[in-house]
Amino acid sequence: MLLRLPSKHIIQAFQRKLLSWYFLHGRKFPWREIQLDPYRAIIAEILLQRTKAETVSKVYLEFLRKFPSWKSIVDTDIKQLESVLTPLGLYRQRARGLKALAEKMIDTKGILPQNRDELMQLPMMGQYLANAVELVLWNKPSPLLDVNMARLLERYFKKRKLADIRHDPYLQKLSSAIVNTPNALEMNWAVLDFAALVCKAVKPECEICILNEDCKYYKNSVKDK
DNA sequence: TTCCAGCACT
DNA sequence: AGTGCAGGAA
């Protein structure tokens, strides 16, 4: 399978523009303020699944106040867990999953498996969350490859072949190349924020977009007029 | 009505 | 590969 990535020059220009945008317009969230411990980092990512970051920011600190540790989740009634999660949606699945994950974590005395394959055996631990653990806790340049990052990359470069982001080798490779920088954490946040605020799913702000002159999606939209 | 820092189950 | 989950905002 031939997978040709964009040239180093193209990727560097893309990274530079996004980072300079990020330092002016990037979003601030509680889970970005400090170096998080594994518990807080994983909780943040689970709350963020299929949920707008702005919505999560209203609940995140309250969740940590009520459930400050894996143990507190094991000890609580699932209904208590659900009631905190209700404003976010997906609350039954998340409550059940968090319970299962917390029980595993207590089994291992709070120690995460140190390799990716074992990590992904944990409840709720899919490809996205495993990447987040690598990025945030293990300092690896892994991509937070979600619908936002996928949308931006697909518009700017080219569309994926497979329906599922997680199984598309092109998006995997491309996103890894994009965030493979000394400051992978900020590079990831830059992509996510830019995709959420400018390269939006509905009504993208192409006219003010700093990437538009090289963007395949924008060029096509102009051509269509 | 669509969309959102996905995952588990079929 | 397809689908359910789910409340809230645009």
# chains A, B, ... in the order shown; residues from 1 in each chain; ligands from 1
call {"tool": "residues_around", "arguments": {"residues": "DG6 (chain B)", "least_positions_apart": "5", "cutoff": "9 Å", "atoms": "only C-alpha atoms (C1' of nucleotides)", "output": "PDB file with N, CA, C and O atoms, in the first residue's frame"}}
result
ATOM      1  N   ILE A  46     -12.361  11.186  28.787  1.00  0.00           N
ATOM      2  CA  ILE A  46     -13.617  10.431  28.728  1.00  0.00           C
ATOM      3  C   ILE A  46     -14.809  11.400  28.690  1.00  0.00           C
ATOM      4  O   ILE A  46     -15.765  11.194  27.949  1.00  0.00           O
ATOM      5  N   LEU A  48     -14.741  14.220  27.369  1.00  0.00           N
ATOM      6  CA  LEU A  48     -14.704  14.917  26.082  1.00  0.00           C
ATOM      7  C   LEU A  48     -15.205  14.069  24.916  1.00  0.00           C
ATOM      8  O   LEU A  48     -15.438  14.598  23.826  1.00  0.00           O
ATOM      9  N   GLN A  49     -15.390  12.776  25.140  1.00  0.00           N
ATOM     10  CA  GLN A  49     -15.808  11.926  24.028  1.00  0.00           C
ATOM     11  C   GLN A  49     -17.176  12.346  23.490  1.00  0.00           C
ATOM     12  O   GLN A  49     -18.155  12.377  24.223  1.00  0.00           O
ATOM     13  N   ARG A  50     -17.215  12.633  22.232  1.00  0.00           N
ATOM     14  CA  ARG A  50     -18.462  13.048  21.554  1.00  0.00           C
ATOM     15  C   ARG A  50     -19.148  14.199  22.271  1.00  0.00           C
ATOM     16  O   ARG A  50     -20.387  14.284  22.267  1.00  0.00           O
ATOM     17  N   MET A 124     -13.123   1.367  28.082  1.00  0.00           N
ATOM     18  CA  MET A 124     -13.194   2.743  27.569  1.00  0.00           C
ATOM     19  C   MET A 124     -11.937   3.168  26.817  1.00  0.00           C
ATOM     20  O   MET A 124     -11.859   4.304  26.352  1.00  0.00           O
ATOM     21  N   GLY A 126     -10.091   3.217  23.887  1.00  0.00           N
ATOM     22  CA  GLY A 126      -9.988   3.014  22.450  1.00  0.00           C
ATOM     23  C   GLY A 126      -8.757   3.708  21.903  1.00  0.00           C
ATOM     24  O   GLY A 126      -7.897   4.165  22.658  1.00  0.00           O
ATOM     25  N   GLN A 127      -8.702   3.800  20.610  1.00  0.00           N
ATOM     26  CA  GLN A 127      -7.507   4.355  19.982  1.00  0.00           C
ATOM     27  C   GLN A 127      -7.285   5.820  20.345  1.00  0.00           C
ATOM     28  O   GLN A 127      -6.157   6.232  20.623  1.00  0.00           O
ATOM     29  N   TYR A 128      -8.353   6.585  20.355  1.00  0.00           N
ATOM     30  CA  TYR A 128      -8.200   8.005  20.675  1.00  0.00           C
ATOM     31  C   TYR A 128      -7.653   8.207  22.083  1.00  0.00           C
ATOM     32  O   TYR A 128      -6.699   8.957  22.304  1.00  0.00           O
ATOM     33  N   LEU A 129      -8.284   7.523  23.045  1.00  0.00           N
ATOM     34  CA  LEU A 129      -7.873   7.700  24.440  1.00  0.00           C
ATOM     35  C   LEU A 129      -6.463   7.176  24.677  1.00  0.00           C
ATOM     36  O   LEU A 129      -5.687   7.773  25.428  1.00  0.00           O
ATOM     37  N   ASP A 146      -9.387  12.920  16.188  1.00  0.00           N
ATOM     38  CA  ASP A 146     -10.835  12.854  16.380  1.00  0.00           C
ATOM     39  C   ASP A 146     -11.519  13.411  15.136  1.00  0.00           C
ATOM     40  O   ASP A 146     -10.859  13.677  14.140  1.00  0.00           O
TER      41      ASP A 146
END
call {"tool": "select_by_dssp", "arguments": {"residues": "region 20-166 of chain A", "states": "alpha helix (DSSP H)", "output": "ChimeraX atom specification"}}
result
/A:20-25,30-33,38-48,53-57,60-66,70-75,78-85,91-107,116-119,127-136,147-156
call {"tool": "closest_atom_pairs", "arguments": {"of": "chain A", "to": "chain C", "cutoff": "8 Å", "atoms": "only C-alpha atoms (C1' of nucleotides)", "output": "tab-separated table"}}
result
residue	atom	partner	partner_atom	distance
A:Thr55	CA	C:DG8	C1'	7.9
A:Thr86	CA	C:DG7	C1'	7.0
A:Pro87	CA	C:DG7	C1'	5.7
A:Leu88	CA	C:DG7	C1'	5.7
A:Gly89	CA	C:DA6	C1'	4.1
A:Leu90	CA	C:DA6	C1'	4.7
A:Tyr91	CA	C:DA6	C1'	7.1
A:Gln93	CA	C:DC5	C1'	7.0
call {"tool": "write_last_selection", "arguments": {"atoms": "N, CA, C and O atoms", "output": "mmCIF file, in the first residue's frame"}}
result
data_model
loop_
_atom_site.group_PDB
_atom_site.id
_atom_site.type_symbol
_atom_site.label_atom_id
_atom_site.label_comp_id
_atom_site.auth_asym_id
_atom_site.auth_seq_id
_atom_site.Cartn_x
_atom_site.Cartn_y
_atom_site.Cartn_z
ATOM 1 N N THR A 55 -18.816 22.446 26.762
ATOM 2 C CA THR A 55 -19.782 21.797 27.649
ATOM 3 C C THR A 55 -19.058 21.068 28.783
ATOM 4 O O THR A 55 -19.463 21.139 29.945
ATOM 5 N N THR A 86 -25.015 13.534 33.492
ATOM 6 C CA THR A 86 -26.220 13.771 32.698
ATOM 7 C C THR A 86 -26.129 14.981 31.770
ATOM 8 O O THR A 86 -26.510 14.883 30.594
ATOM 9 N N PRO A 87 -25.615 16.141 32.236
ATOM 10 C CA PRO A 87 -25.578 17.304 31.330
ATOM 11 C C PRO A 87 -24.713 17.084 30.089
ATOM 12 O O PRO A 87 -24.823 17.844 29.132
ATOM 13 N N LEU A 88 -23.853 16.083 30.115
ATOM 14 C CA LEU A 88 -22.948 15.851 28.989
ATOM 15 C C LEU A 88 -23.547 14.920 27.938
ATOM 16 O O LEU A 88 -23.077 14.882 26.798
ATOM 17 N N GLY A 89 -24.574 14.160 28.338
ATOM 18 C CA GLY A 89 -25.075 13.128 27.448
ATOM 19 C C GLY A 89 -24.233 11.864 27.532
ATOM 20 O O GLY A 89 -23.188 11.846 28.196
ATOM 21 N N LEU A 90 -24.699 10.805 26.859
ATOM 22 C CA LEU A 90 -24.013 9.502 26.892
ATOM 23 C C LEU A 90 -23.731 9.067 28.314
ATOM 24 O O LEU A 90 -22.725 8.404 28.581
ATOM 25 N N TYR A 91 -24.602 9.435 29.241
ATOM 26 C CA TYR A 91 -24.240 9.328 30.652
ATOM 27 C C TYR A 91 -24.306 7.904 31.192
ATOM 28 O O TYR A 91 -23.524 7.537 32.058
ATOM 29 N N GLN A 93 -23.697 5.035 29.453
ATOM 30 C CA GLN A 93 -22.507 4.335 28.977
ATOM 31 C C GLN A 93 -21.256 4.791 29.716
ATOM 32 O O GLN A 93 -20.405 3.991 30.085
#
call {"tool": "interface_residues", "arguments": {"of": "chain B", "to": "chain A", "cutoff": "12 Å", "atoms": "only C-alpha atoms (C1' of nucleotides)", "output": "list in words"}}
result
DT2, DC3, DC4, DA5, DG6, DC7 and DA8 of chain B
call {"tool": "atom_distance", "arguments": {"atom1": "CA of Lys219 (chain A)", "atom2": "CA of Trp21 (chain A)"}}
result
20.9 Å
call {"tool": "closest_residue", "arguments": {"among": "A:Ala150, A:Val179, A:Leu197, A:Leu137", "to": "Asp37 (chain A)", "atoms": "only C-alpha atoms"}}
result
A:Leu137
call {"tool": "residues_around", "arguments": {"residues": "Arg96 (chain A)", "least_positions_apart": "5", "cutoff": "9 Å", "atoms": "only C-alpha atoms (C1' of nucleotides)", "output": "ChimeraX atom specification"}}
result
/A:78,81-82,91,101
call {"tool": "write_last_selection", "arguments": {"atoms": "N, CA and C atoms", "output": "mmCIF file, in the first residue's frame"}}
result
data_model
loop_
_atom_site.group_PDB
_atom_site.id
_atom_site.type_symbol
_atom_site.label_atom_id
_atom_site.label_comp_id
_atom_site.auth_asym_id
_atom_site.auth_seq_id
_atom_site.Cartn_x
_atom_site.Cartn_y
_atom_site.Cartn_z
ATOM 1 N N ILE A 78 -23.765 3.988 41.173
ATOM 2 C CA ILE A 78 -23.718 4.368 39.761
ATOM 3 C C ILE A 78 -24.674 5.511 39.455
ATOM 4 N N LEU A 81 -22.957 8.785 39.890
ATOM 5 C CA LEU A 81 -22.080 9.021 38.747
ATOM 6 C C LEU A 81 -22.900 9.544 37.565
ATOM 7 N N GLU A 82 -24.014 8.893 37.325
ATOM 8 C CA GLU A 82 -24.869 9.286 36.200
ATOM 9 C C GLU A 82 -25.382 10.711 36.346
ATOM 10 N N TYR A 91 -24.602 9.435 29.241
ATOM 11 C CA TYR A 91 -24.240 9.328 30.652
ATOM 12 C C TYR A 91 -24.306 7.904 31.192
ATOM 13 N N LEU A 101 -13.634 0.816 34.455
ATOM 14 C CA LEU A 101 -12.246 1.271 34.379
ATOM 15 C C LEU A 101 -11.671 1.498 35.776
#
call {"tool": "atom_distance", "arguments": {"atom1": "CA of Ile111 (chain A)", "atom2": "CA of Ile42 (chain A)"}}
result
12.7 Å
call {"tool": "atom_distance", "arguments": {"atom1": "CA of Lys203 (chain A)", "atom2": "CA of Leu153 (chain A)"}}
result
16.7 Å
